[in-house]
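Working notes for the structure below.
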Amino acid sequence: MTDSLLSRWFCRIYLVMLYAYPREFRLQFGGEMQQFFRDRCRQVSRTPGAWNWLRFAIHSAADWISTLFQERTAAVREVTVEDCARKTFQIVRTVWSVGRHAQPRGFVAEWAMTLIVFLFATTTLVQAYVVPTGSMESTVMIGDHMLVDRVAYSDHGSWGAHLLPYREVQRGDIICFHYPEDVRQIYVKRVIGVPGDRIHMENKQVVRNGRRLREPYTQHIDPMIDPYRDNFPQAPQWNTSPRGREMFAGDVRNGELIVPPGKLFVMGDNRENSADSRYWGLVPRDYVVGKPVFVYWSYDAPTADLESWSIDHIVDVAAHFFTKTRWNRTFLVPRAQPAEIVP
Amino acid sequence: MSKPSKLEDLLPLTPPVFHILVALSGDELHGYGIMQDVARQTNDALQLGPGTLYGCLKRMLAAGMVEESDVRPDPALDDERRRYYRMTPLGRRVVRAEAQRLADAVGAAKARRLFDRPKAGVTGGA
C-alpha cells in the first residue's frame, strides 16, 4: 500500500516532466500516464537492487525525450488558425499583465521554478501542520501552524536515507506521527520511551529504566493524583482504547511497560490533559511523519476552526489577524529536550 | 474526431502499434495491462514507456483502430484514472493485414534460407 520514498520521488519528478508535453496530450492522457508510471514504480520496487532503479530511470528518461519530440512536432502539425489566434492572445495578455519592466520569459520561468520547488518541498521535505489540541501545551500551543520536516526520520534502510540527513528517533524528541487509532490524523507528542526502555510513573514522575526523570518541558495543571494517569501503568480503565488494552496485556511486566521493538512510547507535555500512549497504546515506528521545524504562524483560535476552514474562521482571521496572532511564537522552534536524571 | 482511414494508408505498422493491437485482440486492457502483455509477447524485448504507449494510443484512437471502453472488468483492483481500451473492427482488420504482411516477409526470407537452423536439442513449438 505504501510506496517507498524513492518511488514517491520518481512519481513526483515524472509529474513535473509531464508538463513538457503539449497541453492537449497532457490533458487527455496525463492522469493515465501518471498511474501507469506509478504501477511501473511498484513493479520495479518489487525486484530488489539499485541497478533496476537506474535502468528504469534511464529507460523512462529515454522514453520521455523521444516521445516529447514526437508529440511536440505532431502538435505543431495539428495547429489550426484558431490555435494560432489563441496563442497570440495568450502571449499578448501575458506581456500586458507583466508590464514593461519585467521580461515575460523570465517571469514565466520564475513562476515555473517556484511551482516546482513548492511541489517538491511541500510534499517531500516539509509539510505544513496545525496543532488542534492542547496536549503539548507549554511547548506547542493550540493554533500553532508549523512546518514538519519529513526527512528527518525517513524509513530506516530506505534508499533515500543514504542521501539525506537522517537519524533515529531519540528520547525527548518531539515527533509528528499518524494517530494509530485514525491514521488520517497527525498528532504531535514527545518521545518518552524507545524500544527496550522500561517505563513507569510514580506520582506524575516518569521512571525510565529505574531512573527518575526531571522533565523541564512538562506542564502540570492538576495537583490531584489520578492513579491511572499519574501512576502508569495501572489496570486498563473505561477510557483505555483496545490498542491500549493490547499494550497493557502484552508489554507490561512487573508494573513496568517494556517498549517492544519497532514501537515508541509517547506522551504530551501537558501531562494531565493529554490523550497519549497511556490511553491508546504505542506508536509504530513506521507511523512517524517527521519532526516539527518551526512555528510559522501562531493564531489564537478554537480547535474546531483549526481542523477545517469555515467561513467564520476566515472572517475571524481577516478581522483579527494582527491582534490574535501570537507574534512572540512566530518562528519559534519546538526543541527536542532530553530529560535530566534525578540524582 | 476519428476519420475513416483506408487500410493501406495505415500499413506498415510500427512495432509498438502492432504489439498493442495484438495485446488488445483478447481482452480490453488499461495502459499498464497493455505494457505487460507487450512485454510478454516479446520476451521483455519491447518495454513500452508511458510516452510511447500513450503517443501510439493517441494516434490509434485518431485513426479509429482502438476506442475507449467504458467497461470496468476488474473493479476490485481499479483506479478511476485508469481507462480501458478495446480494438475496433477496423483495428482487427489492420492487425490481420499487418500480420499477413509480416508472415509474407518472413516467408520470403525463409525461401532464401535467411533463417538460422533450429539448434539440435531444442524442440521448437509450432
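A note on labels: chains of the C-alpha cells are A, B, ... as shown, every chain counts residues from 1, and ligands are counted from 1 in their shown order.
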
Write out as a PyMOL selection string the residues lying within 12 Å of Pro16 of chain B, counting only C-alpha atoms and excluding same-chain residues fewer than 5 positions away.
chain B and resi 21-23+34-35+37-39+41-42+45-57+59-60+95

Would you export the selected residues with N, CA, C and O atoms as an mmCIF file, in the first residue's frame, please?
data_model
loop_
_atom_site.group_PDB
_atom_site.id
_atom_site.type_symbol
_atom_site.label_atom_id
_atom_site.label_comp_id
_atom_site.auth_asym_id
_atom_site.auth_seq_id
_atom_site.Cartn_x
_atom_site.Cartn_y
_atom_site.Cartn_z
ATOM 1 N N LEU B 21 -1.907 -3.680 -30.712
ATOM 2 C CA LEU B 21 -3.110 -4.274 -31.305
ATOM 3 C C LEU B 21 -3.205 -5.760 -30.970
ATOM 4 O O LEU B 21 -4.287 -6.261 -30.660
ATOM 5 N N VAL B 22 -2.068 -6.448 -31.016
ATOM 6 C CA VAL B 22 -2.070 -7.873 -30.654
ATOM 7 C C VAL B 22 -2.524 -8.041 -29.208
ATOM 8 O O VAL B 22 -3.330 -8.917 -28.880
ATOM 9 N N ALA B 23 -2.031 -7.138 -28.339
ATOM 10 C CA ALA B 23 -2.408 -7.217 -26.925
ATOM 11 C C ALA B 23 -3.912 -7.026 -26.751
ATOM 12 O O ALA B 23 -4.547 -7.686 -25.931
ATOM 13 N N ILE B 34 -1.635 -3.321 -21.061
ATOM 14 C CA ILE B 34 -1.116 -3.414 -22.423
ATOM 15 C C ILE B 34 0.400 -3.567 -22.380
ATOM 16 O O ILE B 34 0.975 -4.430 -23.044
ATOM 17 N N MET B 35 1.048 -2.724 -21.563
ATOM 18 C CA MET B 35 2.508 -2.770 -21.461
ATOM 19 C C MET B 35 2.970 -4.164 -21.036
ATOM 20 O O MET B 35 3.902 -4.725 -21.614
ATOM 21 N N ASP B 37 1.389 -7.015 -21.334
ATOM 22 C CA ASP B 37 1.123 -8.007 -22.371
ATOM 23 C C ASP B 37 2.164 -7.911 -23.485
ATOM 24 O O ASP B 37 2.651 -8.926 -23.983
ATOM 25 N N VAL B 38 2.513 -6.680 -23.876
ATOM 26 C CA VAL B 38 3.514 -6.495 -24.923
ATOM 27 C C VAL B 38 4.862 -7.057 -24.473
ATOM 28 O O VAL B 38 5.561 -7.717 -25.246
ATOM 29 N N ALA B 39 5.217 -6.827 -23.199
ATOM 30 C CA ALA B 39 6.474 -7.367 -22.685
ATOM 31 C C ALA B 39 6.457 -8.898 -22.766
ATOM 32 O O ALA B 39 7.456 -9.532 -23.098
ATOM 33 N N GLN B 41 4.633 -10.757 -24.895
ATOM 34 C CA GLN B 41 4.711 -11.164 -26.300
ATOM 35 C C GLN B 41 6.133 -11.193 -26.818
ATOM 36 O O GLN B 41 6.489 -12.033 -27.650
ATOM 37 N N THR B 42 6.935 -10.212 -26.372
ATOM 38 C CA THR B 42 8.258 -10.025 -26.967
ATOM 39 C C THR B 42 9.383 -10.507 -26.060
ATOM 40 O O THR B 42 10.532 -10.143 -26.265
ATOM 41 N N ALA B 45 11.624 -7.855 -24.716
ATOM 42 C CA ALA B 45 12.457 -7.071 -25.628
ATOM 43 C C ALA B 45 11.856 -5.679 -25.831
ATOM 44 O O ALA B 45 12.569 -4.703 -25.977
ATOM 45 N N LEU B 46 10.529 -5.579 -25.822
ATOM 46 C CA LEU B 46 9.873 -4.292 -26.023
ATOM 47 C C LEU B 46 9.155 -3.891 -24.740
ATOM 48 O O LEU B 46 8.104 -4.427 -24.412
ATOM 49 N N GLN B 47 9.783 -2.966 -24.010
ATOM 50 C CA GLN B 47 9.170 -2.429 -22.794
ATOM 51 C C GLN B 47 8.637 -1.049 -23.134
ATOM 52 O O GLN B 47 9.400 -0.116 -23.285
ATOM 53 N N LEU B 48 7.345 -0.922 -23.273
ATOM 54 C CA LEU B 48 6.777 0.373 -23.640
ATOM 55 C C LEU B 48 6.835 1.326 -22.456
ATOM 56 O O LEU B 48 6.407 0.983 -21.364
ATOM 57 N N GLY B 49 7.362 2.499 -22.689
ATOM 58 C CA GLY B 49 7.286 3.557 -21.682
ATOM 59 C C GLY B 49 5.966 4.275 -21.815
ATOM 60 O O GLY B 49 5.272 4.124 -22.827
ATOM 61 N N PRO B 50 5.592 5.054 -20.800
ATOM 62 C CA PRO B 50 4.289 5.719 -20.846
ATOM 63 C C PRO B 50 4.138 6.656 -22.045
ATOM 64 O O PRO B 50 3.071 6.704 -22.662
ATOM 65 N N GLY B 51 5.202 7.392 -22.387
ATOM 66 C CA GLY B 51 5.111 8.322 -23.520
ATOM 67 C C GLY B 51 4.881 7.599 -24.823
ATOM 68 O O GLY B 51 4.019 7.978 -25.628
ATOM 69 N N THR B 52 5.633 6.528 -25.038
ATOM 70 C CA THR B 52 5.479 5.747 -26.266
ATOM 71 C C THR B 52 4.078 5.157 -26.343
ATOM 72 O O THR B 52 3.393 5.255 -27.363
ATOM 73 N N LEU B 53 3.659 4.547 -25.239
ATOM 74 C CA LEU B 53 2.370 3.873 -25.230
ATOM 75 C C LEU B 53 1.226 4.840 -25.528
ATOM 76 O O LEU B 53 0.403 4.606 -26.413
ATOM 77 N N TYR B 54 1.193 5.945 -24.790
ATOM 78 C CA TYR B 54 0.051 6.838 -24.960
ATOM 79 C C TYR B 54 0.153 7.668 -26.237
ATOM 80 O O TYR B 54 -0.872 8.096 -26.775
ATOM 81 N N GLY B 55 1.385 7.879 -26.731
ATOM 82 C CA GLY B 55 1.533 8.505 -28.044
ATOM 83 C C GLY B 55 0.915 7.621 -29.114
ATOM 84 O O GLY B 55 0.156 8.086 -29.978
ATOM 85 N N CYS B 56 1.216 6.328 -29.057
ATOM 86 C CA CYS B 56 0.637 5.366 -30.007
ATOM 87 C C CYS B 56 -0.877 5.325 -29.863
ATOM 88 O O CYS B 56 -1.605 5.359 -30.861
ATOM 89 N N LEU B 57 -1.327 5.247 -28.618
ATOM 90 C CA LEU B 57 -2.777 5.147 -28.403
ATOM 91 C C LEU B 57 -3.494 6.377 -28.955
ATOM 92 O O LEU B 57 -4.581 6.269 -29.518
ATOM 93 N N ARG B 59 -2.638 8.204 -31.528
ATOM 94 C CA ARG B 59 -2.738 8.096 -32.987
ATOM 95 C C ARG B 59 -3.706 6.979 -33.390
ATOM 96 O O ARG B 59 -4.442 7.098 -34.370
ATOM 97 N N MET B 60 -3.717 5.902 -32.600
ATOM 98 C CA MET B 60 -4.612 4.791 -32.927
ATOM 99 C C MET B 60 -6.074 5.182 -32.692
ATOM 100 O O MET B 60 -6.972 4.771 -33.443
ATOM 101 N N VAL B 95 -4.667 -5.231 -37.990
ATOM 102 C CA VAL B 95 -3.656 -6.102 -37.388
ATOM 103 C C VAL B 95 -3.551 -7.424 -38.155
ATOM 104 O O VAL B 95 -2.470 -7.991 -38.297
#

List as a tab-separated table every residue of chain A that is in contact with chain B, defined as an atom at most 9 Å from one of its atoms (using only C-alpha atoms), together with the nearest atom pair and the distance in Å rounded to one decimal, sorted by chain and then rising number.
residue	atom	partner	partner_atom	distance
A:Phe25	CA	B:Lys58	CA	8.2
A:Gln28	CA	B:Lys58	CA	8.8
A:Phe29	CA	B:Tyr54	CA	6.8
A:Gly31	CA	B:Arg81	CA	6.0
A:Glu32	CA	B:Arg82	CA	5.7
A:Met33	CA	B:Pro50	CA	5.6
A:Gln34	CA	B:Pro50	CA	8.3
A:Gln35	CA	B:Arg81	CA	6.9
A:Phe36	CA	B:Tyr32	CA	5.5
A:Phe37	CA	B:Pro50	CA	6.8
A:Asp39	CA	B:Tyr32	CA	7.1
A:Arg40	CA	B:Tyr32	CA	7.9
A:His59	CA	B:Gly49	CA	7.5
A:Ser60	CA	B:Gly49	CA	6.3
A:Ala62	CA	B:Gly49	CA	8.8
A:Asp63	CA	B:Gly49	CA	5.6
A:Trp64	CA	B:Gly51	CA	5.9
A:Ile65	CA	B:Gly51	CA	8.8
A:Ser66	CA	B:Thr52	CA	8.2
A:Thr67	CA	B:Gly51	CA	5.5
A:Leu68	CA	B:Gly51	CA	7.5
A:Gln70	CA	B:Gly55	CA	8.3
A:Glu71	CA	B:Gly55	CA	7.1

Kindly save the residues from that selection, with N, CA and C atoms included, as a CSV table (one decimal), in the first residue's frame.
chain,number,residue,atom,x,y,z
A,25,PHE,N,-2.3,16.8,-25.2
A,25,PHE,CA,-1.9,15.5,-25.0
A,25,PHE,C,-1.9,15.2,-23.5
A,28,GLN,N,-5.4,14.9,-22.1
A,28,GLN,CA,-6.0,13.6,-22.5
A,28,GLN,C,-5.5,12.4,-21.7
A,29,PHE,N,-4.1,12.4,-21.6
A,29,PHE,CA,-3.5,11.2,-21.1
A,29,PHE,C,-2.7,11.3,-19.8
A,31,GLY,N,-3.2,11.9,-16.6
A,31,GLY,CA,-3.6,11.1,-15.4
A,31,GLY,C,-3.3,9.7,-15.6
A,32,GLU,N,-3.6,9.1,-16.8
A,32,GLU,CA,-3.3,7.7,-17.0
A,32,GLU,C,-1.8,7.5,-17.0
A,33,MET,N,-1.1,8.4,-17.6
A,33,MET,CA,0.4,8.2,-17.7
A,33,MET,C,1.0,8.2,-16.3
A,34,GLN,N,0.4,9.0,-15.4
A,34,GLN,CA,0.9,9.1,-14.0
A,34,GLN,C,0.6,7.7,-13.3
A,35,GLN,N,-0.6,7.3,-13.5
A,35,GLN,CA,-1.0,6.0,-13.0
A,35,GLN,C,-0.1,4.8,-13.5
A,36,PHE,N,0.1,4.9,-14.8
A,36,PHE,CA,1.0,3.9,-15.4
A,36,PHE,C,2.4,3.9,-14.8
A,37,PHE,N,2.9,5.2,-14.6
A,37,PHE,CA,4.2,5.3,-14.1
A,37,PHE,C,4.3,4.8,-12.7
A,39,ASP,N,2.4,2.4,-11.4
A,39,ASP,CA,2.4,1.0,-11.5
A,39,ASP,C,3.8,0.4,-11.8
A,40,ARG,N,4.5,1.1,-12.7
A,40,ARG,CA,5.8,0.7,-13.1
A,40,ARG,C,6.8,0.8,-11.9
A,59,HIS,N,15.5,4.3,-18.8
A,59,HIS,CA,14.5,3.9,-19.8
A,59,HIS,C,13.4,5.0,-19.8
A,60,SER,N,13.0,5.4,-18.7
A,60,SER,CA,11.9,6.4,-18.6
A,60,SER,C,12.4,7.7,-19.2
A,62,ALA,N,14.6,8.2,-21.5
A,62,ALA,CA,14.7,8.0,-23.0
A,62,ALA,C,13.3,8.0,-23.6
A,63,ASP,N,12.4,7.4,-23.0
A,63,ASP,CA,11.0,7.4,-23.4
A,63,ASP,C,10.5,8.8,-23.5
A,64,TRP,N,10.8,9.5,-22.4
A,64,TRP,CA,10.2,10.9,-22.3
A,64,TRP,C,10.8,11.8,-23.4
A,65,ILE,N,12.1,11.7,-23.6
A,65,ILE,CA,12.8,12.6,-24.6
A,65,ILE,C,12.3,12.3,-26.0
A,66,SER,N,12.2,11.0,-26.3
A,66,SER,CA,11.9,10.7,-27.7
A,66,SER,C,10.4,11.0,-28.0
A,67,THR,N,9.5,10.7,-27.0
A,67,THR,CA,8.1,11.0,-27.3
A,67,THR,C,7.8,12.4,-27.2
A,68,LEU,N,8.5,13.1,-26.4
A,68,LEU,CA,8.4,14.6,-26.2
A,68,LEU,C,8.6,15.2,-27.6
A,70,GLN,N,8.4,13.8,-30.5
A,70,GLN,CA,7.4,13.3,-31.4
A,70,GLN,C,6.1,14.1,-31.2
A,71,GLU,N,5.6,14.2,-29.9
A,71,GLU,CA,4.4,14.9,-29.7
A,71,GLU,C,4.5,16.3,-29.9

Mind checking which residues fall within 12 Å of Ala97 of chain B, counting only C-alpha atoms, ignoring those fewer than 3 positions away in the same chain, and posting them as a ChimeraX atom specification?
/B:7-13,18,21,90-94,100-104

Suppose you want the space between atom CA of Pro338 of chain A and atom CA of Leu257 of chain A; what is it in Å?
19.7 Å

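Reported to one decimal place, the separation of atom CA of Trp280 of chain A from atom CA of Pro236 of chain A is 10.4 Å.
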